[in-house]
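Undergrad: final.txt is the file, holding compact mmCIF, C-alpha atoms and all ligand atoms:
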```txt
# COMPACT_ATOMS: atom_id res chain seq x y z
CA MET A 1 29.19 18.93 9.29
CA THR A 2 27.98 15.48 8.37
CA PHE A 3 29.30 13.14 5.72
CA LEU A 4 25.74 12.23 4.78
CA SER A 5 23.58 13.79 2.09
CA ALA A 6 21.48 16.80 3.06
CA THR A 7 18.54 15.21 1.24
CA LEU A 8 18.54 12.45 3.80
CA SER A 9 17.91 14.92 6.59
CA ARG A 10 14.52 15.67 5.01
CA VAL A 11 13.47 12.05 5.45
CA LYS A 12 12.49 10.45 8.74
CA PRO A 13 13.32 6.85 9.58
CA SER A 14 10.35 4.54 9.05
CA PRO A 15 8.12 4.97 12.13
CA THR A 16 7.02 1.37 11.78
CA ILE A 17 10.55 0.17 12.47
CA ALA A 18 10.39 1.02 16.20
CA VAL A 19 7.41 -1.32 16.69
CA THR A 20 8.89 -4.06 14.51
CA THR A 21 12.26 -3.88 16.26
CA LYS A 22 10.64 -3.94 19.69
CA ALA A 23 8.48 -6.95 18.72
CA ALA A 24 11.56 -8.82 17.45
CA GLU A 25 13.42 -8.05 20.70
CA LEU A 26 10.57 -9.34 22.84
CA LYS A 27 10.26 -12.49 20.72
CA ALA A 28 14.00 -13.11 21.00
CA ALA A 29 13.65 -12.77 24.76
CA GLY A 30 11.14 -15.64 24.69
CA ARG A 31 7.87 -13.67 24.85
CA ASP A 32 4.87 -15.02 22.92
CA VAL A 33 4.35 -11.93 20.76
CA ILE A 34 1.72 -12.02 18.00
CA GLY A 35 2.68 -9.74 15.12
CA LEU A 36 -0.16 -8.01 13.29
CA GLY A 37 2.20 -5.65 11.50
CA ALA A 38 3.16 -7.54 8.35
CA GLY A 39 2.10 -6.04 5.03
CA GLU A 40 2.17 -9.30 3.13
CA PRO A 41 -0.12 -12.28 2.57
CA ASP A 42 0.67 -15.35 4.66
CA PHE A 43 -0.17 -17.54 1.63
CA ASP A 44 2.56 -19.18 -0.44
CA THR A 45 3.15 -18.15 -4.08
CA PRO A 46 0.91 -20.39 -6.27
CA GLN A 47 2.68 -23.49 -7.62
CA ASN A 48 2.21 -22.66 -11.32
CA ILE A 49 4.07 -19.39 -10.75
CA LYS A 50 6.93 -21.11 -8.95
CA ASP A 51 7.06 -23.70 -11.75
CA ALA A 52 7.36 -20.93 -14.35
CA ALA A 53 10.35 -19.52 -12.45
CA VAL A 54 12.03 -22.92 -12.24
CA ALA A 55 11.47 -23.43 -15.98
CA ALA A 56 12.96 -19.98 -16.66
CA ILE A 57 16.08 -20.87 -14.70
CA ALA A 58 16.36 -24.20 -16.54
CA ALA A 59 16.02 -22.39 -19.87
CA GLY A 60 18.86 -20.04 -18.96
CA LYS A 61 16.73 -16.90 -18.58
CA THR A 62 19.31 -15.69 -16.12
CA LYS A 63 20.98 -12.81 -17.93
CA TYR A 64 20.44 -9.04 -18.06
CA THR A 65 17.17 -8.16 -19.73
CA ALA A 66 15.81 -4.98 -21.29
CA VAL A 67 16.10 -2.32 -18.56
CA ASP A 68 12.38 -1.87 -17.87
CA GLY A 69 11.08 -5.34 -18.64
CA ILE A 70 11.06 -8.10 -21.24
CA PRO A 71 8.60 -7.76 -24.15
CA GLU A 72 6.70 -10.90 -23.03
CA LEU A 73 5.98 -9.36 -19.62
CA LYS A 74 5.05 -6.00 -21.09
CA ALA A 75 2.61 -7.81 -23.40
CA ALA A 76 1.11 -9.64 -20.38
CA ILE A 77 0.74 -6.31 -18.53
CA CYS A 78 -0.95 -4.64 -21.53
CA ALA A 79 -3.34 -7.62 -21.76
CA LYS A 80 -4.06 -7.43 -18.02
CA LEU A 81 -4.78 -3.69 -18.12
CA LYS A 82 -7.19 -4.24 -21.02
CA ARG A 83 -8.87 -7.30 -19.47
CA ASP A 84 -9.27 -6.04 -15.90
CA ASN A 85 -9.40 -2.27 -16.31
CA GLY A 86 -10.53 -1.64 -19.89
CA LEU A 87 -7.38 0.42 -20.50
CA ASP A 88 -5.43 0.43 -23.76
CA TYR A 89 -1.68 0.69 -23.32
CA ALA A 90 1.09 -0.12 -25.79
CA PRO A 91 4.30 -1.86 -24.61
CA ASN A 92 6.28 1.41 -24.87
CA GLN A 93 3.87 2.87 -22.30
CA VAL A 94 4.81 0.23 -19.72
CA SER A 95 7.67 0.16 -17.21
CA VAL A 96 8.54 -2.84 -15.05
CA GLY A 97 10.61 -2.37 -11.89
CA THR A 98 11.80 -4.07 -8.75
CA GLY A 99 8.47 -3.98 -6.92
CA GLY A 100 5.73 -1.41 -6.81
CA LYS A 101 7.94 0.61 -4.52
CA GLN A 102 10.66 1.18 -7.10
CA ILE A 103 8.08 2.06 -9.73
CA LEU A 104 6.55 4.79 -7.56
CA TYR A 105 9.99 6.06 -6.60
CA ASN A 106 11.17 6.16 -10.23
CA ALA A 107 8.04 8.05 -11.22
CA LEU A 108 8.56 10.69 -8.52
CA MET A 109 12.28 10.98 -9.29
CA ALA A 110 11.47 11.32 -12.98
CA THR A 111 8.96 14.13 -12.57
CA LEU A 112 9.53 16.24 -9.44
CA ASN A 113 11.44 19.52 -9.31
CA PRO A 114 12.17 21.41 -6.09
CA GLY A 115 8.98 23.01 -4.79
CA ASP A 116 6.63 20.71 -6.70
CA GLU A 117 3.77 19.59 -4.49
CA VAL A 118 2.27 16.13 -4.28
CA VAL A 119 -1.15 15.69 -2.68
CA ILE A 120 -1.22 12.62 -0.46
CA PRO A 121 -4.51 11.65 1.17
CA ALA A 122 -4.11 10.54 4.80
CA PRO A 123 -4.12 7.90 6.13
CA TYR A 124 -1.39 7.07 3.62
CA TRP A 125 1.09 4.28 2.96
CA VAL A 126 4.17 5.25 4.99
CA SER A 127 6.51 5.52 2.01
CA TYR A 128 4.65 8.15 -0.05
CA PRO A 129 5.67 11.32 1.84
CA ASP A 130 9.28 10.26 2.27
CA MET A 131 9.63 9.23 -1.37
CA VAL A 132 8.33 12.65 -2.38
CA LEU A 133 10.85 14.30 -0.05
CA LEU A 134 13.71 12.16 -1.39
CA ALA A 135 12.76 13.22 -4.90
CA GLY A 136 12.92 16.87 -3.85
CA GLY A 137 9.18 17.53 -3.78
CA GLU A 138 6.82 18.72 -1.05
CA PRO A 139 4.17 16.33 0.30
CA VAL A 140 0.83 18.05 0.92
CA ILE A 141 -1.23 15.90 3.25
CA ALA A 142 -4.99 15.96 2.69
CA ALA A 143 -6.53 14.33 5.73
CA ALA A 144 -9.63 12.18 5.34
CA SER A 145 -11.63 11.23 8.42
CA LEU A 146 -13.28 8.30 10.15
CA GLU A 147 -16.70 9.74 9.25
CA THR A 148 -16.13 9.03 5.54
CA ASN A 149 -14.47 5.68 6.27
CA PHE A 150 -11.12 7.35 5.57
CA LYS A 151 -12.01 8.37 2.02
CA LEU A 152 -11.02 11.80 0.76
CA THR A 153 -13.93 14.05 -0.20
CA PRO A 154 -13.87 16.22 -3.35
CA GLU A 155 -13.83 19.31 -1.12
CA GLN A 156 -10.75 18.07 0.73
CA LEU A 157 -8.99 17.35 -2.57
CA GLU A 158 -9.94 20.75 -3.98
CA ALA A 159 -8.57 22.49 -0.88
CA ALA A 160 -5.21 20.69 -1.16
CA ILE A 161 -4.54 21.65 -4.79
CA THR A 162 -2.39 24.71 -5.50
CA PRO A 163 -0.71 26.01 -8.67
CA LYS A 164 2.36 24.02 -7.55
CA THR A 165 0.56 20.66 -7.37
CA LYS A 166 2.06 18.10 -9.72
CA TRP A 167 0.53 14.82 -8.62
CA LEU A 168 -2.25 13.35 -6.56
CA ILE A 169 -1.22 9.95 -5.21
CA PHE A 170 -4.34 7.80 -5.08
CA ASN A 171 -4.49 4.36 -3.42
CA SER A 172 -7.62 2.20 -3.36
CA PRO A 173 -8.09 -0.25 -1.68
CA SER A 174 -5.82 1.49 0.76
CA ASN A 175 -2.93 0.60 2.94
CA PRO A 176 -3.45 1.23 5.92
CA THR A 177 -7.27 1.47 6.06
CA GLY A 178 -8.49 -1.08 3.50
CA ALA A 179 -10.88 1.64 2.26
CA GLY A 180 -11.94 1.24 -1.35
CA TYR A 181 -13.52 4.05 -3.39
CA SER A 182 -16.69 3.22 -5.29
CA ARG A 183 -16.96 4.39 -8.90
CA GLU A 184 -19.12 7.35 -7.79
CA GLU A 185 -16.69 8.34 -5.03
CA LEU A 186 -13.74 8.16 -7.41
CA LYS A 187 -15.63 10.05 -10.13
CA ALA A 188 -16.22 12.88 -7.64
CA LEU A 189 -12.42 13.10 -7.21
CA THR A 190 -11.62 12.87 -10.91
CA ASP A 191 -14.17 15.66 -11.52
CA VAL A 192 -12.00 17.85 -9.29
CA LEU A 193 -8.90 16.87 -11.27
CA MET A 194 -10.70 17.76 -14.51
CA ARG A 195 -10.92 21.33 -13.22
CA HIS A 196 -7.13 21.39 -12.62
CA PRO A 197 -5.42 20.35 -15.86
CA HIS A 198 -1.92 20.78 -14.38
CA VAL A 199 -2.47 17.99 -11.83
CA TRP A 200 -1.58 14.40 -12.73
CA VAL A 201 -2.69 11.30 -10.87
CA MET A 202 -0.39 8.50 -9.76
CA THR A 203 -2.71 5.65 -8.86
CA ASP A 204 -1.34 2.83 -6.73
CA ASP A 205 -3.59 -0.13 -7.56
CA MET A 206 -1.54 -2.67 -5.61
CA TYR A 207 -4.58 -4.07 -3.75
CA GLU A 208 -6.86 -4.20 -6.80
CA HIS A 209 -7.70 -7.89 -6.49
CA LEU A 210 -8.13 -7.91 -2.71
CA ALA A 211 -11.74 -6.71 -2.60
CA TYR A 212 -14.65 -8.15 -0.63
CA ASP A 213 -18.44 -8.32 -0.60
CA ASP A 214 -19.83 -6.46 -3.59
CA PHE A 215 -17.03 -3.89 -3.81
CA GLU A 216 -15.96 -3.35 -7.41
CA PHE A 217 -12.46 -2.03 -7.95
CA CYS A 218 -12.03 0.90 -10.33
CA THR A 219 -9.06 3.04 -11.34
CA PRO A 220 -8.93 6.74 -12.33
CA ALA A 221 -8.24 6.44 -16.08
CA GLU A 222 -11.12 3.97 -16.37
CA VAL A 223 -13.57 6.15 -14.44
CA GLU A 224 -12.53 9.35 -16.26
CA PRO A 225 -11.05 8.50 -19.68
CA ALA A 226 -10.20 12.18 -20.22
CA LEU A 227 -7.52 11.78 -17.52
CA TYR A 228 -5.72 9.03 -19.47
CA GLY A 229 -3.01 11.40 -20.73
CA ARG A 230 -2.07 12.51 -17.21
CA THR A 231 -2.46 9.27 -15.29
CA LEU A 232 0.24 6.85 -14.23
CA THR A 233 -1.42 3.54 -13.40
CA CYS A 234 0.83 1.61 -10.99
CA ASN A 235 0.36 -1.97 -9.91
CA GLY A 236 2.32 -5.13 -9.18
CA VAL A 237 2.16 -8.81 -8.39
CA SER A 238 3.32 -8.62 -4.76
CA LYS A 239 0.03 -8.73 -2.85
CA ALA A 240 -2.59 -10.52 -4.96
CA TYR A 241 -0.21 -13.26 -6.12
CA ALA A 242 1.60 -13.59 -2.78
CA MET A 243 4.86 -12.61 -4.49
CA THR A 244 6.28 -9.96 -2.14
CA GLY A 245 9.79 -11.42 -2.30
CA TRP A 246 9.94 -11.66 -6.09
CA ARG A 247 9.99 -7.88 -6.49
CA ILE A 248 7.98 -7.09 -9.60
CA GLY A 249 5.91 -3.93 -9.97
CA TYR A 250 4.83 -2.02 -13.04
CA ALA A 251 3.36 1.23 -14.30
CA ALA A 252 1.57 2.29 -17.47
CA GLY A 253 1.27 5.85 -18.65
CA PRO A 254 2.42 8.51 -21.10
CA VAL A 255 5.49 7.50 -23.16
CA GLU A 256 7.52 10.51 -22.04
CA VAL A 257 7.18 9.64 -18.33
CA ILE A 258 7.83 5.94 -18.96
CA ALA A 259 10.99 6.82 -20.91
CA ALA A 260 12.18 9.08 -18.07
CA MET A 261 11.56 6.28 -15.56
CA ARG A 262 13.58 3.92 -17.77
CA LYS A 263 16.46 6.41 -17.80
CA ILE A 264 16.54 6.46 -13.99
CA GLN A 265 16.34 2.68 -13.76
CA SER A 266 19.09 2.30 -16.36
CA GLN A 267 21.46 4.29 -14.14
CA SER A 268 20.43 2.66 -10.86
CA THR A 269 19.20 -0.94 -10.65
CA SER A 270 18.86 -1.90 -14.35
CA ASN A 271 16.39 -4.67 -15.03
CA PRO A 272 14.25 -6.32 -12.36
CA CYS A 273 15.22 -9.96 -11.70
CA SER A 274 14.94 -11.94 -14.96
CA VAL A 275 13.50 -15.05 -13.30
CA SER A 276 10.89 -13.02 -11.41
CA GLN A 277 9.79 -11.45 -14.69
CA TRP A 278 9.00 -14.90 -16.12
CA ALA A 279 7.15 -15.79 -12.91
CA ALA A 280 5.13 -12.55 -13.20
CA ILE A 281 4.11 -13.47 -16.77
CA GLU A 282 2.63 -16.70 -15.42
CA ALA A 283 0.95 -14.78 -12.59
CA LEU A 284 -0.76 -12.41 -15.03
CA ASN A 285 -1.49 -14.85 -17.88
CA GLY A 286 -2.10 -18.03 -15.86
CA PRO A 287 -5.18 -19.22 -13.97
CA GLN A 288 -6.67 -16.60 -11.64
CA ASP A 289 -8.97 -18.97 -9.75
CA PHE A 290 -7.01 -18.84 -6.48
CA LEU A 291 -7.84 -15.12 -6.14
CA PRO A 292 -11.48 -15.66 -5.06
CA THR A 293 -10.38 -18.60 -2.89
CA ASN A 294 -7.82 -16.43 -1.06
CA ASN A 295 -10.32 -13.59 -0.82
CA GLU A 296 -12.83 -15.84 0.96
CA VAL A 297 -10.19 -16.45 3.62
CA PHE A 298 -9.28 -12.77 3.88
CA LYS A 299 -12.94 -11.75 4.10
CA ARG A 300 -13.56 -14.27 6.90
CA ARG A 301 -10.58 -12.88 8.80
CA ARG A 302 -11.64 -9.28 8.19
CA ASP A 303 -15.09 -10.02 9.60
CA LEU A 304 -13.58 -11.77 12.63
CA VAL A 305 -11.24 -8.88 13.42
CA VAL A 306 -13.82 -6.14 12.81
CA SER A 307 -16.36 -7.90 14.99
CA MET A 308 -13.94 -8.58 17.87
CA LEU A 309 -12.49 -5.06 17.83
CA SER A 310 -15.92 -3.42 17.49
CA ASP A 311 -16.95 -5.11 20.75
CA ILE A 312 -14.42 -2.98 22.63
CA ASP A 313 -15.66 0.14 24.43
CA GLY A 314 -13.74 3.16 23.16
CA VAL A 315 -12.78 1.53 19.84
CA THR A 316 -14.51 2.21 16.51
CA CYS A 317 -13.66 -0.12 13.64
CA PRO A 318 -15.06 0.64 10.17
CA VAL A 319 -15.56 -2.31 7.81
CA PRO A 320 -13.04 -1.93 4.98
CA GLU A 321 -13.80 -2.85 1.38
CA GLY A 322 -10.44 -4.43 0.58
CA ALA A 323 -6.71 -5.04 1.18
CA PHE A 324 -5.89 -6.93 4.40
CA TYR A 325 -5.90 -4.14 6.97
CA VAL A 326 -8.30 -2.59 9.44
CA TYR A 327 -7.68 0.82 10.96
CA PRO A 328 -9.67 1.18 14.18
CA SER A 329 -9.95 4.49 16.02
CA ILE A 330 -9.08 4.51 19.72
CA SER A 331 -10.32 8.01 20.46
CA GLY A 332 -12.39 6.60 23.36
CA LEU A 333 -9.24 5.27 25.06
CA ILE A 334 -7.07 8.38 24.99
CA GLY A 335 -6.20 9.60 28.50
CA LYS A 336 -6.72 6.19 30.16
CA THR A 337 -4.03 4.39 32.15
CA THR A 338 -2.68 0.85 31.68
CA PRO A 339 -2.23 -1.63 34.58
CA ASN A 340 1.50 -0.79 34.47
CA GLY A 341 0.75 2.90 34.94
CA THR A 342 1.32 4.15 31.38
CA VAL A 343 -1.00 6.93 30.28
CA ILE A 344 -2.39 6.38 26.76
CA GLU A 345 -1.62 9.86 25.51
CA ASN A 346 -1.71 8.97 21.84
CA ASP A 347 -1.77 6.00 19.47
CA GLU A 348 1.98 5.46 19.71
CA ALA A 349 1.68 5.07 23.49
CA PHE A 350 -1.23 2.66 22.91
CA ALA A 351 0.73 0.47 20.47
CA THR A 352 3.81 0.46 22.70
CA ALA A 353 1.82 -0.51 25.80
CA LEU A 354 -0.15 -3.13 23.85
CA LEU A 355 3.12 -4.73 22.85
CA GLU A 356 4.78 -4.48 26.24
CA GLU A 357 1.79 -5.42 28.37
CA ALA A 358 -0.28 -7.67 26.08
CA ASP A 359 2.22 -9.11 23.58
CA VAL A 360 0.45 -7.89 20.44
CA ALA A 361 2.33 -5.87 17.82
CA VAL A 362 0.32 -3.38 15.76
CA VAL A 363 1.40 -0.20 13.97
CA PHE A 364 0.28 3.13 15.46
CA GLY A 365 -1.77 5.52 13.34
CA ALA A 366 0.61 8.50 13.49
CA ALA A 367 2.90 6.51 11.17
CA PHE A 368 0.16 6.73 8.51
CA GLY A 369 -0.75 10.36 9.12
CA LEU A 370 -4.10 9.98 10.92
CA SER A 371 -4.55 9.55 14.66
CA PRO A 372 -5.60 8.20 17.09
CA ASN A 373 -5.79 4.84 15.34
CA PHE A 374 -3.85 1.66 14.88
CA ARG A 375 -3.37 -0.65 11.91
CA VAL A 376 -3.98 -4.36 12.11
CA SER A 377 -2.88 -6.61 9.27
CA TYR A 378 -5.12 -9.67 9.18
CA ALA A 379 -2.84 -11.56 6.78
CA THR A 380 -2.20 -14.19 9.44
CA SER A 381 -3.93 -17.33 10.69
CA ASP A 382 -7.45 -17.29 12.17
CA GLU A 383 -6.10 -18.73 15.46
CA ALA A 384 -3.45 -16.03 15.79
CA LEU A 385 -6.05 -13.36 14.99
CA LYS A 386 -8.51 -14.72 17.58
CA THR A 387 -5.85 -14.86 20.26
CA ALA A 388 -4.52 -11.41 19.38
CA CYS A 389 -7.97 -9.80 19.33
CA THR A 390 -8.83 -11.44 22.66
CA ARG A 391 -5.63 -9.97 24.10
CA ILE A 392 -6.50 -6.53 22.69
CA GLN A 393 -10.00 -6.81 24.21
CA LYS A 394 -8.58 -7.73 27.63
CA PHE A 395 -5.94 -5.01 27.45
CA CYS A 396 -8.51 -2.33 26.60
CA ALA A 397 -10.84 -3.57 29.34
CA SER A 398 -7.98 -3.29 31.84
CA LEU A 399 -7.49 0.46 31.15
CA THR A 400 -8.76 2.80 33.83
C1 LIG A 501 0.00 0.70 -1.02
C2 LIG A 501 1.24 0.00 -1.36
N1 LIG A 501 1.89 0.33 -2.49
C3 LIG A 501 3.04 -0.25 -2.86
C4 LIG A 501 3.61 -1.22 -2.07
C5 LIG A 501 4.92 -1.81 -2.51
O1 LIG A 501 4.79 -3.04 -3.06
P1 LIG A 501 6.07 -3.88 -3.52
O2 LIG A 501 6.30 -4.89 -2.44
O3 LIG A 501 5.68 -4.48 -4.82
O4 LIG A 501 7.21 -2.95 -3.64
C6 LIG A 501 3.00 -1.60 -0.87
C7 LIG A 501 3.63 -2.58 0.02
O5 LIG A 501 3.40 -2.65 1.21
C8 LIG A 501 1.78 -0.97 -0.51
O6 LIG A 501 1.15 -1.29 0.61
```
Take the structure I supplied and represent it as structure tokens, if you would.

TA:
Amino acid sequence: MTFLSATLSRVKPSPTIAVTTKAAELKAAGRDVIGLGAGEPDFDTPQNIKDAAVAAIAAGKTKYTAVDGIPELKAAICAKLKRDNGLDYAPNQVSVGTGGKQILYNALMATLNPGDEVVIPAPYWVSYPDMVLLAGGEPVIAAASLETNFKLTPEQLEAAITPKTKWLIFNSPSNPTGAGYSREELKALTDVLMRHPHVWVMTDDMYEHLAYDDFEFCTPAEVEPALYGRTLTCNGVSKAYAMTGWRIGYAAGPVEVIAAMRKIQSQSTSNPCSVSQWAAIEALNGPQDFLPTNNEVFKRRRDLVVSMLSDIDGVTCPVPEGAFYVYPSISGLIGKTTPNGTVIENDEAFATALLEEADVAVVFGAAFGLSPNFRVSYATSDEALKTACTRIQKFCASLT
């Protein structure tokens, strides 16, 4: 007998925590650990956004607000979805929550019944399967592969759909791979969904603005307008505007789902932080010119990391289209032994040994549902990345 909820036993603790905790322990013990695990930009929030928050505080915008967002922010979100994605949404089709994470969680809580299946392409963001489990649903993992640069094929999607499928969770550019679907690749997936009218799509567009080279972001309801009525378009200001701590995410979709999400939020957290909402208005309505400037930096870092990791025998590192992650395969290193005598049996053993023997913290691929790989976040300085990649090169060369 346990005092804790039975639901909780369906959920595993975040696999990334072991690495993060270990890295923190080693740092505290005085070791020069370089962390490549963080899922947030190292840039500061732009000044105009901070100024808007300060002005909101001065103006007394410090009280409860409407549960799922103030009208001014909903208007800014509707304008953004029209401007960037060509999508028409009315304010009553928009829900604002405490980060993209709460939005996705609300949506799953609002729609899943026991036995409902949710198709999650792997590699996936760590929270999707556990959120589905917490909401009482069944995650159905559809594994993509290195050969398609971690993008799900229409055949793989088709094979994962059953009469019980409720949602496909779609994420492009992706955490953890950085893979971004072209319009044609996404259209091939939406064509599958058109053949299965009972399946809805929850698209997590969090990394929309972090796209490099000639990659053009697109989102399901834009690529296949006939899916508009069964699409929940989720996004937020955390990544592109370097606002991870402000906690503002949003979704747009059918009124009935948005109202259900509001009901859940009204009985849990109520409104997202009032001051952050005013800051998010400035983020969405204000100048966007720092986005290409930041992206130049991210692209330079991506190219550095891909090139240094690709030089390693046994490592294959696809070039991602967006986000700030790379997801190299280490299939050529499995079975080798480290100087300390550890056998690299899988990617978790690799990440653990890399941390213990080379002072670099990365997240192992099993955490994201596709092995043997590891995730590097390149949202850190060029110097730290160079040093870390040099350490990874030396560590891999030392394996026998
Ligand atoms: C794919 C993806 N979706 C959603 C989120 C959550 O974003 P937020 O910080 O706004 O909750 C993250 C954060 O890491 C993410 O990587």

Undergrad: My list of candidates is A:Glu72, A:Glu222, A:Glu147, A:Asp51. Which is closest to Asp88 of chain A when distances are computed with all atoms listed in the file?

TA: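 Comparing A:Glu72, A:Glu222, A:Glu147, A:Asp51 against Asp88 of chain A, the winner is A:Glu222.
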
Undergrad: Using all atoms listed in the file, pick whichever of A:Pro129, A:Gly115, A:Pro292, A:Pro91 has the shortest atom-to-atom distance to Pro163 of chain A.

TA: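 So, comparing all the options, the nearest one is A:Gly115.
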
Undergrad: Could you report the residues within 6 Å of ligand LIG 501 (chain A), using only C-alpha atoms and all ligand atoms, as a PyMOL selection string?

TA: chain A and resi 39+99-101+125+175+204+206+236+238+244+247-249

Undergrad: Identify, on the basis of all atoms listed in the file, every residue whose closest approach to Ala38 of chain A does not exceed 10 Å; exclude the query and any residue fewer than 5 positions from it along the same chain; express the result as a PyMOL selection string.

TA: chain A and resi 20+324-325+361-363+376-380

Undergrad: Dump as JSON lines the rows for residues of segment 166-202 of chain A within 10 Å of segment 148-158 of chain A: closest atom pair and distance in Å with one decimal, all atoms listed in the file counted, ordered by chain and rising residue number.

TA:
```
{"residue": "A:Leu168", "atom": "CA", "partner": "A:Leu157", "partner_atom": "CA", "distance": 8.8}
{"residue": "A:Phe170", "atom": "CA", "partner": "A:Leu152", "partner_atom": "CA", "distance": 9.7}
{"residue": "A:Ser172", "atom": "CA", "partner": "A:Lys151", "partner_atom": "CA", "distance": 9.3}
{"residue": "A:Ser174", "atom": "CA", "partner": "A:Phe150", "partner_atom": "CA", "distance": 9.3}
{"residue": "A:Pro176", "atom": "CA", "partner": "A:Phe150", "partner_atom": "CA", "distance": 9.8}
{"residue": "A:Thr177", "atom": "CA", "partner": "A:Phe150", "partner_atom": "CA", "distance": 7.0}
{"residue": "A:Gly178", "atom": "CA", "partner": "A:Phe150", "partner_atom": "CA", "distance": 9.1}
{"residue": "A:Ala179", "atom": "CA", "partner": "A:Phe150", "partner_atom": "CA", "distance": 6.6}
{"residue": "A:Gly180", "atom": "CA", "partner": "A:Lys151", "partner_atom": "CA", "distance": 7.9}
{"residue": "A:Tyr181", "atom": "CA", "partner": "A:Lys151", "partner_atom": "CA", "distance": 7.1}
{"residue": "A:Glu185", "atom": "CA", "partner": "A:Thr153", "partner_atom": "CA", "distance": 8.0}
{"residue": "A:Leu186", "atom": "CA", "partner": "A:Pro154", "partner_atom": "CA", "distance": 9.0}
{"residue": "A:Lys187", "atom": "CA", "partner": "A:Pro154", "partner_atom": "CA", "distance": 9.3}
{"residue": "A:Ala188", "atom": "CA", "partner": "A:Pro154", "partner_atom": "CA", "distance": 5.9}
{"residue": "A:Leu189", "atom": "CA", "partner": "A:Pro154", "partner_atom": "CA", "distance": 5.2}
{"residue": "A:Thr190", "atom": "CA", "partner": "A:Pro154", "partner_atom": "CA", "distance": 8.6}
{"residue": "A:Asp191", "atom": "CA", "partner": "A:Pro154", "partner_atom": "CA", "distance": 8.2}
{"residue": "A:Val192", "atom": "CA", "partner": "A:Glu158", "partner_atom": "CA", "distance": 6.4}
{"residue": "A:Leu193", "atom": "CA", "partner": "A:Glu158", "partner_atom": "CA", "distance": 8.3}
{"residue": "A:Arg195", "atom": "CA", "partner": "A:Glu158", "partner_atom": "CA", "distance": 9.3}
{"residue": "A:His196", "atom": "CA", "partner": "A:Glu158", "partner_atom": "CA", "distance": 9.1}
```

Undergrad: Quick one: residues within 12 Å of Tyr64 of chain A, all atoms listed in the file, excluding same-chain residues fewer than 6 positions away - as a list in words?

TA: Ile70, Ser266, Thr269, Ser270, Asn271, Pro272, Cys273, Ser274, Val275 and Gln277 of chain A

Undergrad: Write out as a PyMOL selection string which residues come within 9 Å of segment 25-32 of chain A when counting only C-alpha atoms, dropping same-chain ones fewer than 3 positions away.

TA: chain A and resi 20-22+355-356+359-360

Undergrad: Name the residues in contact with Pro139 of chain A at a cut-off of 8 Å, using all atoms listed in the file, excluding same-chain residues fewer than 4 positions from it; report them as a list in words.

TA: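 In the requested format, the answer is Glu117, Val118, Val119, Ile120, Pro129, Val132 and Leu133 of chain A.
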
Undergrad: In Å, rounded to a single decimal, give me how far atom CA of Asn92 of chain A is from atom CA of Asp205 of chain A.

TA: 20.0 Å

Undergrad: To one decimal in Å, tell me the separation between atom CA of Ile34 of chain A and atom CA of Ala384 of chain A.

TA: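 About the pair atom CA of Ile34 of chain A and atom CA of Ala384 of chain A: they are 6.9 Å apart.
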
Undergrad: Within 12 Å of Ile312 of chain A, counting only C-alpha atoms, which residues qualify if same-chain residues fewer than 6 places away don't, as a list of chain:residue names?

TA: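 Listing them by chain and then by number gives A:Val305, A:Val306, A:Pro328, A:Ser329, A:Ile330, A:Ser331, A:Gly332, A:Leu333, A:Cys389, A:Thr390, A:Arg391, A:Ile392, A:Gln393, A:Lys394, A:Phe395, A:Cys396, A:Ala397, A:Ser398, A:Leu399.
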
Undergrad: Could you give me the axis-aligned bounding box of segment 100-104 of chain A, with 8 Å of padding per side, as centre plus edge lengths in Å to one decimal, as AutoDock Vina command-line options?

TA:
```
--center_x 8.2 --center_y 1.7 --center_z -7.1 --size_x 20.9 --size_y 22.2 --size_z 21.2
```

Undergrad: Which value, in Å to one decimal, gives the distance between atom CA of Glu216 of chain A and atom CA of Arg183 of chain A?

TA: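 Answer for the atom CA of Glu216 of chain A to atom CA of Arg183 of chain A separation: 7.9 Å.
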
Undergrad: A:Ala323, A:Ala79, A:Val223, A:Ala144: which is nearest Phe368 of chain A, counting all atoms listed in the file?

TA: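 Ranked by minimum distance to Phe368 of chain A, first place goes to A:Ala144.
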
Undergrad: Which one of A:Ala23, A:Ile169, A:Pro71, A:Gly86 sits closest to Gly35 of chain A if you count all atoms listed in the file?

TA: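 Result for the nearest residue to Gly35 of chain A: A:Ala23.
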
Undergrad: Starting from the point (9.0, 5.4, 3.7), work out which residues of protein, DNA or RNA have an atom no more than 9 Å away when counting all atoms listed in the file; state them as a list in words.

TA: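 I get Val11, Lys12, Pro13, Ser14, Pro15, Trp125, Val126, Ser127, Tyr128, Pro129, Asp130 and Met131 of chain A for the residues within 9 Å of that point.
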
Undergrad: Taking only C-alpha atoms into account, name the residue in A:Asp214, A:Asp313, A:Asp44, A:Glu256 that is nearest to Val94 of chain A.

TA: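 Closest to Val94 of chain A, using only C-alpha atoms: A:Glu256.
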